[in-house]
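For reference, coords02.csv (CSV, C-alpha atoms):
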```csv
chain,number,residue,atom,x,y,z
A,1,MET,CA,-35.1,-10.0,-11.0
A,2,ASN,CA,-32.7,-12.6,-9.7
A,3,ASN,CA,-29.9,-11.3,-12.0
A,4,GLU,CA,-30.5,-7.7,-10.8
A,5,LEU,CA,-30.4,-8.9,-7.2
A,6,LEU,CA,-27.2,-10.8,-7.8
A,7,GLU,CA,-25.6,-7.8,-9.5
A,8,ALA,CA,-26.7,-5.5,-6.6
A,9,LEU,CA,-25.2,-7.8,-4.0
A,10,ASN,CA,-21.9,-8.1,-5.9
A,11,ILE,CA,-21.7,-4.2,-6.1
A,12,LEU,CA,-22.4,-3.9,-2.4
A,13,GLU,CA,-19.8,-6.5,-1.5
A,14,LYS,CA,-17.2,-4.7,-3.6
A,15,GLU,CA,-18.0,-1.1,-2.6
A,16,LYS,CA,-19.0,-1.5,1.0
A,17,ASP,CA,-16.9,-4.6,1.8
A,18,ILE,CA,-20.0,-6.4,3.1
A,19,SER,CA,-20.0,-10.1,2.4
A,20,LYS,CA,-22.7,-11.5,0.1
A,21,ASP,CA,-23.5,-14.1,2.7
A,22,THR,CA,-24.4,-11.4,5.2
A,23,LEU,CA,-26.6,-9.7,2.7
A,24,LEU,CA,-28.4,-12.9,1.8
A,25,GLU,CA,-29.0,-13.5,5.5
A,26,ALA,CA,-30.5,-10.0,5.7
A,27,ILE,CA,-32.8,-10.8,2.8
A,28,GLU,CA,-33.8,-14.1,4.5
A,29,ASN,CA,-34.6,-12.2,7.7
A,30,SER,CA,-36.6,-9.6,5.7
A,31,LEU,CA,-38.7,-12.2,4.1
A,32,ILE,CA,-39.4,-13.8,7.4
A,33,THR,CA,-40.4,-10.4,8.8
A,34,ALA,CA,-42.7,-9.8,5.9
A,35,CYS,CA,-44.4,-13.2,6.5
A,36,LYS,CA,-44.9,-12.3,10.1
A,37,ASN,CA,-46.4,-8.9,9.2
A,38,HIS,CA,-48.6,-10.6,6.6
A,39,PHE,CA,-49.7,-13.8,8.4
A,40,GLY,CA,-49.3,-12.6,12.0
A,41,LYS,CA,-46.6,-15.3,12.8
A,42,SER,CA,-43.5,-16.6,11.2
A,43,ASP,CA,-42.4,-19.6,13.4
A,44,ASN,CA,-43.2,-22.0,10.6
A,45,ILE,CA,-41.7,-20.0,7.7
A,46,LYS,CA,-38.6,-21.4,5.9
A,47,VAL,CA,-36.6,-19.5,3.3
A,48,ASN,CA,-34.3,-21.2,0.7
A,49,ILE,CA,-31.9,-18.9,-1.2
A,50,ASN,CA,-29.4,-20.1,-3.8
A,51,PRO,CA,-26.2,-18.1,-3.2
A,52,GLU,CA,-25.1,-18.6,-6.8
A,53,THR,CA,-28.2,-17.4,-8.6
A,54,CYS,CA,-30.0,-15.5,-5.7
A,55,GLU,CA,-33.1,-17.4,-6.6
A,56,PHE,CA,-35.2,-17.7,-3.5
A,57,HIS,CA,-38.3,-19.5,-2.3
A,58,VAL,CA,-40.4,-19.0,0.8
A,59,TYR,CA,-42.3,-21.9,2.4
A,60,ALA,CA,-44.8,-22.2,5.2
A,61,GLU,CA,-44.8,-25.5,7.0
A,62,LYS,CA,-48.4,-26.5,7.6
A,63,THR,CA,-49.8,-29.6,9.3
A,64,VAL,CA,-52.4,-31.7,7.5
A,65,VAL,CA,-55.7,-31.7,9.5
A,66,GLU,CA,-59.3,-32.7,9.0
A,67,GLU,CA,-60.6,-29.2,9.9
A,68,VAL,CA,-58.5,-26.1,9.6
A,69,GLN,CA,-58.5,-23.9,12.8
A,70,ASP,CA,-55.4,-21.8,11.9
A,71,ASP,CA,-54.8,-21.1,8.2
A,72,ALA,CA,-51.3,-20.0,8.9
A,73,LEU,CA,-50.3,-23.3,10.5
A,74,GLU,CA,-52.7,-25.9,9.1
A,75,ILE,CA,-53.9,-27.2,5.8
A,76,SER,CA,-56.9,-29.4,5.0
A,77,LEU,CA,-56.4,-33.0,3.9
A,78,GLY,CA,-58.2,-32.2,0.6
A,79,ASN,CA,-55.9,-29.2,-0.2
A,80,ALA,CA,-52.8,-31.3,0.8
A,81,LYS,CA,-53.9,-34.1,-1.6
A,82,MET,CA,-54.1,-31.5,-4.4
A,83,ILE,CA,-50.4,-30.7,-3.9
A,84,ASP,CA,-49.4,-34.4,-3.6
A,85,SER,CA,-51.6,-37.4,-3.2
A,86,LYS,CA,-49.2,-39.0,-0.8
A,87,TYR,CA,-50.0,-36.6,2.1
A,88,GLU,CA,-52.0,-38.0,5.1
A,89,LEU,CA,-53.3,-36.5,8.3
A,90,GLY,CA,-50.5,-35.3,10.6
A,91,ASP,CA,-48.0,-34.8,7.7
A,92,ILE,CA,-46.1,-31.6,7.3
A,93,VAL,CA,-46.6,-29.8,3.9
A,94,ASN,CA,-44.4,-27.1,2.5
A,95,VAL,CA,-46.7,-24.5,1.0
A,96,GLU,CA,-44.9,-21.9,-1.1
A,97,VAL,CA,-45.6,-18.3,-0.2
A,98,LYS,CA,-45.4,-15.8,-3.1
A,99,SER,CA,-43.8,-12.6,-2.1
A,100,LYS,CA,-46.1,-10.7,-4.4
A,101,GLU,CA,-48.9,-11.6,-1.9
A,102,PHE,CA,-47.4,-9.4,0.8
A,103,GLY,CA,-49.1,-6.2,1.5
A,104,ARG,CA,-47.5,-2.7,1.1
A,105,ILE,CA,-46.7,-2.4,4.8
A,106,ALA,CA,-45.1,-5.9,5.0
A,107,THR,CA,-43.0,-5.1,1.9
A,108,MET,CA,-41.8,-1.8,3.4
A,109,ASN,CA,-40.9,-3.4,6.7
A,110,ALA,CA,-38.9,-6.1,4.8
A,111,LYS,CA,-37.1,-3.3,2.9
A,112,ASN,CA,-36.3,-1.6,6.1
A,113,VAL,CA,-34.8,-4.8,7.6
A,114,ILE,CA,-32.4,-5.1,4.6
A,115,LEU,CA,-31.4,-1.4,4.8
A,116,GLN,CA,-30.9,-1.6,8.5
A,117,LYS,CA,-28.7,-4.7,8.2
A,118,ILE,CA,-26.6,-2.9,5.4
A,119,ARG,CA,-26.1,0.1,7.7
A,120,GLU,CA,-25.1,-2.1,10.6
A,121,GLU,CA,-22.6,-4.0,8.6
A,122,GLU,CA,-21.2,-0.9,7.0
A,123,ARG,CA,-20.6,0.6,10.5
A,124,LYS,CA,-19.0,-2.7,11.6
A,125,VAL,CA,-16.7,-2.9,8.6
A,126,LEU,CA,-15.6,0.8,9.1
A,127,PHE,CA,-15.0,0.2,12.8
A,128,ASN,CA,-12.9,-2.9,12.2
A,129,GLN,CA,-10.9,-1.1,9.5
A,130,TYR,CA,-10.0,1.8,11.7
A,131,TYR,CA,-9.7,-0.2,14.9
A,132,GLY,CA,-6.9,-2.1,13.2
A,133,LYS,CA,-5.1,1.2,12.7
A,134,GLU,CA,-5.4,2.2,16.4
A,135,LYS,CA,-2.0,3.4,17.7
A,136,ASP,CA,-0.8,4.1,14.2
A,137,VAL,CA,-0.3,7.2,12.1
A,138,VAL,CA,-2.5,8.0,9.2
A,139,THR,CA,-2.8,10.9,6.7
A,140,GLY,CA,-6.0,12.9,6.9
A,141,VAL,CA,-7.5,15.9,5.2
A,142,VAL,CA,-8.6,18.9,7.3
A,143,GLN,CA,-12.3,19.6,6.8
A,144,ARG,CA,-13.4,22.3,9.2
A,145,TYR,CA,-13.2,23.6,12.8
A,146,VAL,CA,-16.0,22.5,15.0
A,147,GLY,CA,-15.7,24.9,17.9
A,148,LYS,CA,-12.1,24.4,19.1
A,149,ASN,CA,-12.0,20.8,17.7
A,150,ILE,CA,-11.0,19.9,14.1
A,151,SER,CA,-12.9,17.5,11.9
A,152,ILE,CA,-10.4,15.4,9.8
A,153,ASN,CA,-11.4,13.1,6.9
A,154,LEU,CA,-9.5,9.8,6.9
A,155,GLY,CA,-11.0,8.5,3.7
A,156,LYS,CA,-14.1,6.5,4.7
A,157,ALA,CA,-14.6,8.1,8.1
A,158,ASP,CA,-14.1,11.3,9.9
A,159,ALA,CA,-11.9,11.8,13.0
A,160,ILE,CA,-11.9,14.4,15.7
A,161,LEU,CA,-8.7,16.3,16.7
A,162,SER,CA,-9.7,17.7,20.0
A,163,GLU,CA,-8.3,20.9,21.5
A,164,ASN,CA,-6.2,19.0,24.0
A,165,GLU,CA,-4.6,16.9,21.3
A,166,GLN,CA,-3.6,19.9,19.1
A,167,VAL,CA,-0.1,21.4,19.2
A,168,LYS,CA,-0.3,24.9,20.6
A,169,GLY,CA,0.2,27.4,17.7
A,170,GLU,CA,-0.7,25.0,14.9
A,171,VAL,CA,-3.3,26.4,12.6
A,172,PHE,CA,-4.8,24.3,9.7
A,173,GLN,CA,-6.6,25.3,6.6
A,174,PRO,CA,-9.5,23.2,5.0
A,175,THR,CA,-8.2,20.6,2.4
A,176,GLU,CA,-4.8,20.6,4.1
A,177,ARG,CA,-3.2,17.2,4.4
A,178,ILE,CA,-1.7,16.3,7.8
A,179,LYS,CA,-0.5,13.2,9.7
A,180,VAL,CA,-2.2,12.3,12.9
A,181,TYR,CA,-1.9,9.5,15.5
A,182,ILE,CA,-5.0,7.4,16.1
A,183,LEU,CA,-5.6,7.4,19.9
A,184,GLU,CA,-8.8,5.5,20.1
A,185,VAL,CA,-11.6,4.1,18.0
A,186,LYS,CA,-15.0,3.7,19.6
A,187,SER,CA,-18.0,1.9,18.2
A,188,THR,CA,-21.2,4.0,18.2
A,189,SER,CA,-24.7,3.8,16.7
A,190,LYS,CA,-23.7,6.4,14.1
A,191,GLY,CA,-20.5,4.6,13.1
A,192,PRO,CA,-16.9,4.6,14.5
A,193,LYS,CA,-15.9,7.6,16.6
A,194,ILE,CA,-12.2,8.1,15.9
A,195,LEU,CA,-10.0,10.3,18.2
A,196,VAL,CA,-6.7,11.4,16.9
A,197,SER,CA,-3.7,13.4,18.2
A,198,ARG,CA,-0.9,15.6,17.1
A,199,THR,CA,0.8,15.8,20.5
A,200,HIS,CA,1.3,12.2,21.4
A,201,PRO,CA,5.0,11.1,21.7
A,202,GLU,CA,4.1,7.9,19.7
A,203,LEU,CA,3.4,10.2,16.7
A,204,VAL,CA,7.1,11.0,16.5
A,205,LYS,CA,8.0,7.3,16.9
A,206,ARG,CA,5.7,6.2,14.1
A,207,LEU,CA,7.0,8.9,11.8
A,208,PHE,CA,10.5,7.6,12.3
A,209,GLU,CA,9.3,4.1,11.6
A,210,SER,CA,7.8,5.3,8.3
A,211,GLU,CA,10.8,7.5,7.4
A,212,VAL,CA,13.8,5.3,8.6
A,213,THR,CA,14.0,1.9,7.0
A,214,GLU,CA,16.3,0.6,9.8
A,215,VAL,CA,13.7,1.5,12.4
A,216,LYS,CA,10.9,-0.2,10.5
A,217,ASP,CA,13.0,-3.3,10.0
A,218,GLY,CA,13.9,-3.5,13.7
A,219,ILE,CA,17.6,-3.0,13.1
A,220,VAL,CA,17.4,0.3,15.0
A,221,GLU,CA,15.2,0.5,18.1
A,222,ILE,CA,13.7,3.6,19.6
A,223,LYS,CA,14.2,2.7,23.3
A,224,SER,CA,12.7,5.8,24.8
A,225,ILE,CA,11.0,9.1,23.8
A,226,ALA,CA,10.2,12.3,25.6
A,227,ARG,CA,8.2,15.1,23.9
A,228,GLU,CA,7.0,18.6,24.5
A,229,ALA,CA,4.8,18.9,21.4
A,230,GLY,CA,5.5,21.9,19.2
A,231,SER,CA,8.8,22.6,20.9
A,232,ARG,CA,11.3,19.7,21.3
A,233,THR,CA,11.5,15.9,21.4
A,234,LYS,CA,14.3,13.7,22.6
A,235,ILE,CA,14.6,10.1,21.5
A,236,ALA,CA,17.1,7.5,22.6
A,237,VAL,CA,18.0,4.9,19.9
A,238,TRP,CA,19.9,1.6,19.9
A,239,SER,CA,21.3,-0.5,17.1
A,240,ASN,CA,21.0,-4.3,17.0
A,241,ASP,CA,23.7,-4.3,14.3
A,242,PRO,CA,27.2,-3.2,15.3
A,243,ASN,CA,27.8,-2.0,11.8
A,244,VAL,CA,24.8,0.4,11.9
A,245,ASP,CA,25.1,3.8,13.6
A,246,PRO,CA,21.6,4.3,15.1
A,247,VAL,CA,21.9,8.1,15.4
A,248,GLY,CA,23.2,8.4,11.8
A,249,ALA,CA,20.5,6.2,10.4
A,250,CYS,CA,17.8,8.3,12.0
A,251,VAL,CA,19.4,11.6,10.9
A,252,GLY,CA,20.0,10.4,7.3
A,253,LEU,CA,22.2,11.8,4.6
A,254,ASN,CA,22.6,15.6,5.2
A,255,GLY,CA,19.8,15.3,7.8
A,256,ALA,CA,17.2,14.3,5.1
A,257,ARG,CA,15.3,11.8,7.2
A,258,VAL,CA,15.1,13.8,10.5
A,259,ASN,CA,14.3,17.0,8.5
A,260,ALA,CA,11.3,15.4,6.8
A,261,ILE,CA,9.9,14.6,10.3
A,262,VAL,CA,10.7,18.1,11.6
A,263,ASN,CA,8.9,19.5,8.6
A,264,GLU,CA,5.8,17.3,9.3
A,265,LEU,CA,5.9,18.5,12.9
A,266,ARG,CA,6.3,22.1,11.7
A,267,GLY,CA,9.7,22.9,13.0
A,268,GLU,CA,9.7,21.0,16.2
A,269,LYS,CA,13.3,20.3,17.3
A,270,ILE,CA,14.4,16.7,17.6
A,271,ASP,CA,17.4,15.5,19.6
A,272,ILE,CA,18.6,12.0,18.8
A,273,ILE,CA,20.9,10.3,21.3
A,274,ASN,CA,22.5,6.9,21.8
A,275,TRP,CA,20.8,4.6,24.3
A,276,SER,CA,22.9,3.0,26.9
A,277,ASP,CA,22.2,0.4,29.6
A,278,ASN,CA,24.6,2.3,31.8
A,279,ALA,CA,22.4,4.8,33.6
A,280,ALA,CA,25.2,7.4,34.0
A,281,MET,CA,26.1,7.3,30.4
A,282,LEU,CA,22.5,7.5,29.3
A,283,ILE,CA,21.9,10.5,31.5
A,284,GLU,CA,25.0,12.2,30.1
A,285,ASN,CA,23.8,11.6,26.5
A,286,ALA,CA,20.2,12.7,27.4
A,287,LEU,CA,21.5,16.1,28.6
A,288,SER,CA,23.1,16.8,25.2
A,289,PRO,CA,24.0,19.2,23.8
A,290,ALA,CA,25.4,20.2,27.2
A,291,LYS,CA,28.7,18.8,28.3
A,292,VAL,CA,28.9,16.8,31.5
A,293,ILE,CA,31.7,16.5,34.0
A,294,SER,CA,30.3,13.7,36.2
A,295,VAL,CA,27.1,11.7,36.8
A,296,ILE,CA,26.4,9.8,40.0
A,297,ALA,CA,23.2,7.7,39.4
A,298,ASP,CA,21.3,5.6,41.9
A,299,ALA,CA,19.5,2.9,40.0
A,300,GLU,CA,17.3,1.8,42.9
A,301,GLU,CA,16.1,5.3,43.9
A,302,LYS,CA,16.1,6.4,40.2
A,303,THR,CA,17.9,9.6,41.1
A,304,ALA,CA,21.0,11.2,39.7
A,305,LYS,CA,23.4,14.0,40.6
A,306,VAL,CA,25.0,15.7,37.6
A,307,VAL,CA,27.8,18.2,37.6
A,308,VAL,CA,28.4,20.4,34.5
A,309,PRO,CA,31.0,23.1,33.8
A,310,ASP,CA,29.9,26.5,35.1
A,311,TYR,CA,29.5,27.9,31.6
A,312,GLN,CA,27.3,24.9,30.5
A,313,LEU,CA,24.7,25.1,33.4
A,314,SER,CA,22.1,27.1,31.5
A,315,LEU,CA,22.5,24.9,28.4
A,316,ALA,CA,22.1,21.8,30.5
A,317,ILE,CA,19.0,23.1,32.2
A,318,GLY,CA,17.7,24.6,29.0
A,319,LYS,CA,15.1,27.3,28.3
A,320,GLU,CA,12.6,27.2,31.2
A,321,GLY,CA,14.2,23.9,32.3
A,322,GLN,CA,13.1,22.1,29.2
A,323,ASN,CA,16.4,20.2,28.5
A,324,ALA,CA,16.6,18.9,32.0
A,325,ARG,CA,12.9,18.1,32.1
A,326,LEU,CA,13.0,16.1,28.8
A,327,ALA,CA,16.2,14.3,29.9
A,328,ALA,CA,14.5,13.2,33.1
A,329,ARG,CA,11.5,11.9,31.2
A,330,LEU,CA,13.7,10.1,28.7
A,331,THR,CA,15.8,8.3,31.3
A,332,GLY,CA,13.2,7.9,34.0
A,333,PHE,CA,15.6,9.4,36.6
A,334,LYS,CA,15.1,12.5,38.8
A,335,ILE,CA,18.1,14.6,37.8
A,336,ASP,CA,19.7,17.2,40.0
A,337,ILE,CA,22.0,19.4,38.0
A,338,LYS,CA,24.7,21.6,39.5
A,339,SER,CA,27.5,23.7,38.1
A,340,GLU,CA,31.1,22.7,39.2
A,341,THR,CA,31.2,25.7,41.5
A,342,GLN,CA,27.9,24.8,43.2
A,343,ALA,CA,29.0,21.2,43.6
A,344,ARG,CA,32.3,22.2,45.2
A,345,GLU,CA,30.5,24.6,47.6
A,346,ALA,CA,28.1,21.9,48.5
A,347,GLY,CA,31.0,19.6,49.2
A,348,ASP,CA,29.6,16.7,47.2
A,349,PHE,CA,32.0,17.0,44.3
A,350,MET,CA,35.3,15.2,44.1
A,351,ASP,CA,38.3,17.0,42.6
A,352,TYR,CA,38.2,15.6,39.2
A,353,GLU,CA,40.8,16.1,36.5
A,354,ASN,CA,39.4,18.9,34.5
A,355,ASP,CA,40.3,17.6,31.1
A,356,TYR,CA,38.0,20.0,29.4
A,357,GLU,CA,39.9,23.1,30.7
A,358,ASP,CA,42.5,22.7,28.0
A,359,ASP,CA,39.8,23.3,25.4
A,360,PHE,CA,37.9,25.8,27.5
A,361,GLU,CA,37.9,28.6,24.9
A,362,GLU,CA,36.8,26.3,22.2
A,363,ASP,CA,34.0,24.8,24.3
A,364,LEU,CA,32.9,28.2,25.5
A,365,GLU,CA,32.6,29.4,22.0
A,366,ALA,CA,30.6,26.3,21.0
A,367,SER,CA,28.5,26.6,24.1
A,368,SER,CA,27.5,30.2,23.3
A,369,TYR,CA,26.4,29.0,19.8
A,370,GLU,CA,24.4,26.1,21.3
A,371,GLU,CA,22.7,28.3,23.8
A,372,GLU,CA,21.7,30.6,21.0
A,373,GLN,CA,20.2,27.7,19.2
A,374,GLU,CA,18.5,26.4,22.3
A,375,ASN,CA,16.9,29.8,23.0
A,376,GLU,CA,15.6,30.4,19.5
```

As a first step, turn the structure in this file into structure tokens.
Amino acid sequence: MNNELLEALNILEKEKDISKDTLLEAIENSLITACKNHFGKSDNIKVNINPETCEFHVYAEKTVVEEVQDDALEISLGNAKMIDSKYELGDIVNVEVKSKEFGRIATMNAKNVILQKIREEERKVLFNQYYGKEKDVVTGVVQRYVGKNISINLGKADAILSENEQVKGEVFQPTERIKVYILEVKSTSKGPKILVSRTHPELVKRLFESEVTEVKDGIVEIKSIAREAGSRTKIAVWSNDPNVDPVGACVGLNGARVNAIVNELRGEKIDIINWSDNAAMLIENALSPAKVISVIADAEEKTAKVVVPDYQLSLAIGKEGQNARLAARLTGFKIDIKSETQAREAGDFMDYENDYEDDFEEDLEASSYEEEQENE
């Protein structure tokens, strides 16, 4: 019996990741519960378990008295002498309790105590395992749609991808593998409740960390990120090594790295720009692919006035204002974009040298192509 118990505990420890000490404690509590159900009290019950062999003994501490009033707590002097002749009145005698003496109900209750402890520990282990992955990206398998939510299996637990955290237009099939961002892990009586997202900007950041070695190692930092899930993301990157091009590292050879992320996000466009501590330069970069003539930024008010060539205005603003909106989120500045003509008419544009005019035709041609791409 002891060998079977030891083997069972070892299997539970390995498969459920529940420590043997915890299980032995559960057995100890179950034996005390059985004694309480059998004798009506358990305050004087002691359990000794050998963790190496799982051999256990249950003892009832009884006081030696002349006349027994409570059999559960007292033992007569004559019976005590039969155990050991040294016992005298007032001594404490350890009387072994045989578990086979327990009734059926007491045995069932003891079994339930052990099973309850195993379930509690299993839930605790699962919670700790996934709580450690909170704010990280994991791969899950789509199980089924539950109303408008999606149930996703993460291995040992299921997660919920709610309607609000789904990218509009994304449709998944059962058994399909997808990457999700763990938003929150809650402990409940039925186990961990895991909430995941496909729309969170951190999903893109974590994907870059897993795909780009330089980002994972901290050589390249993602300083800021702005995302409209399913459509476009802008990220600003910085290199701590002057010999490493941050944008190039994120794009990869022939775009391999960024394309892998785009594929995972099902075609979502990603703009990667250079971060700059100079607000004007950062804003200029953030409005890419549009060309900028001038930027006047107010760092205290967090506002900026931007002037772009007339033919670049629609590209700078983007489809339905998306490019300007993402640039504002990325930089933290409220950006007012005007064309050169609008700026001159408003009287708040100096007569800058129009260096770009020499290449007007070339830029116009490029702009037309970029607008086509932007509006796709």

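Once all atoms listed in the file are considered, the residues situated within 7 Å of the file point (-2.9, 12.0, 9.5) turn out to be A:Val137, A:Val138, A:Thr139, A:Gly140, A:Ile178, A:Lys179, A:Val180, A:Tyr181.
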
Write the residues you've just listed into a file as a PDB file, in the coordinates of the input, and include C-alpha atoms for each of them.
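Result file follows (out-v3.pdb):
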```
ATOM      1  CA  VAL A 137      -0.300   7.200  12.100  1.00  0.00           C
ATOM      2  CA  VAL A 138      -2.500   8.000   9.200  1.00  0.00           C
ATOM      3  CA  THR A 139      -2.800  10.900   6.700  1.00  0.00           C
ATOM      4  CA  GLY A 140      -6.000  12.900   6.900  1.00  0.00           C
ATOM      5  CA  ILE A 178      -1.700  16.300   7.800  1.00  0.00           C
ATOM      6  CA  LYS A 179      -0.500  13.200   9.700  1.00  0.00           C
ATOM      7  CA  VAL A 180      -2.200  12.300  12.900  1.00  0.00           C
ATOM      8  CA  TYR A 181      -1.900   9.500  15.500  1.00  0.00           C
TER       9      TYR A 181
END
```

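Interatomic distance, atom CA of A:Lys98 to atom CA of A:Thr33: 14.0 Å.
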
_Please list as a VMD selection string every residue within 9 Å of A:Lys269, counting only C-alpha atoms and excluding residues in the same chain fewer than 5 positions away._
chain A and resid 230 to 234 262

Excluding A:Ile114 and its own-chain neighbours fewer than 5 positions away, which residues fall within 9 Å of it when counting all atoms listed in the file? Please give them as a PDB file with C-alpha atoms, in the coordinates of the input.
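For reference, part_1.pdb as written:
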```pdb
ATOM      1  CA  LEU A  23     -26.600  -9.700   2.700  1.00  0.00           C
ATOM      2  CA  ALA A  26     -30.500 -10.000   5.700  1.00  0.00           C
ATOM      3  CA  ILE A  27     -32.800 -10.800   2.800  1.00  0.00           C
ATOM      4  CA  ASN A  29     -34.600 -12.200   7.700  1.00  0.00           C
ATOM      5  CA  SER A  30     -36.600  -9.600   5.700  1.00  0.00           C
ATOM      6  CA  ASN A 109     -40.900  -3.400   6.700  1.00  0.00           C
ATOM      7  CA  ARG A 119     -26.100   0.100   7.700  1.00  0.00           C
TER       8      ARG A 119
END
```

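Going from atom CA of A:Glu221 to atom CA of A:Leu326 covers 19.0 Å.
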
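Between atom CA of A:Ile75 and atom CA of A:His57 the separation is 19.2 Å.
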
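Closest approach to A:Gly132 from the set A:Lys168, A:Arg325, A:Lys186, A:Lys117 is made by A:Lys186, with distances taken over only C-alpha atoms.
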
_Can you pull out the residues contacting A:Ile273? Cut-off 9 Å, using only C-alpha atoms, and skip same-chain residues under 3 positions away; I want them as a ChimeraX atom specification._
/A:234-238,246-247,282,285-286,288

*Give the answer as one residue: which of A:Asp241, A:Asp91, A:Asp158, A:Glu28 has the shortest atom-to-atom distance to A:Pro192, using all atoms listed in the file?*
A:Asp158
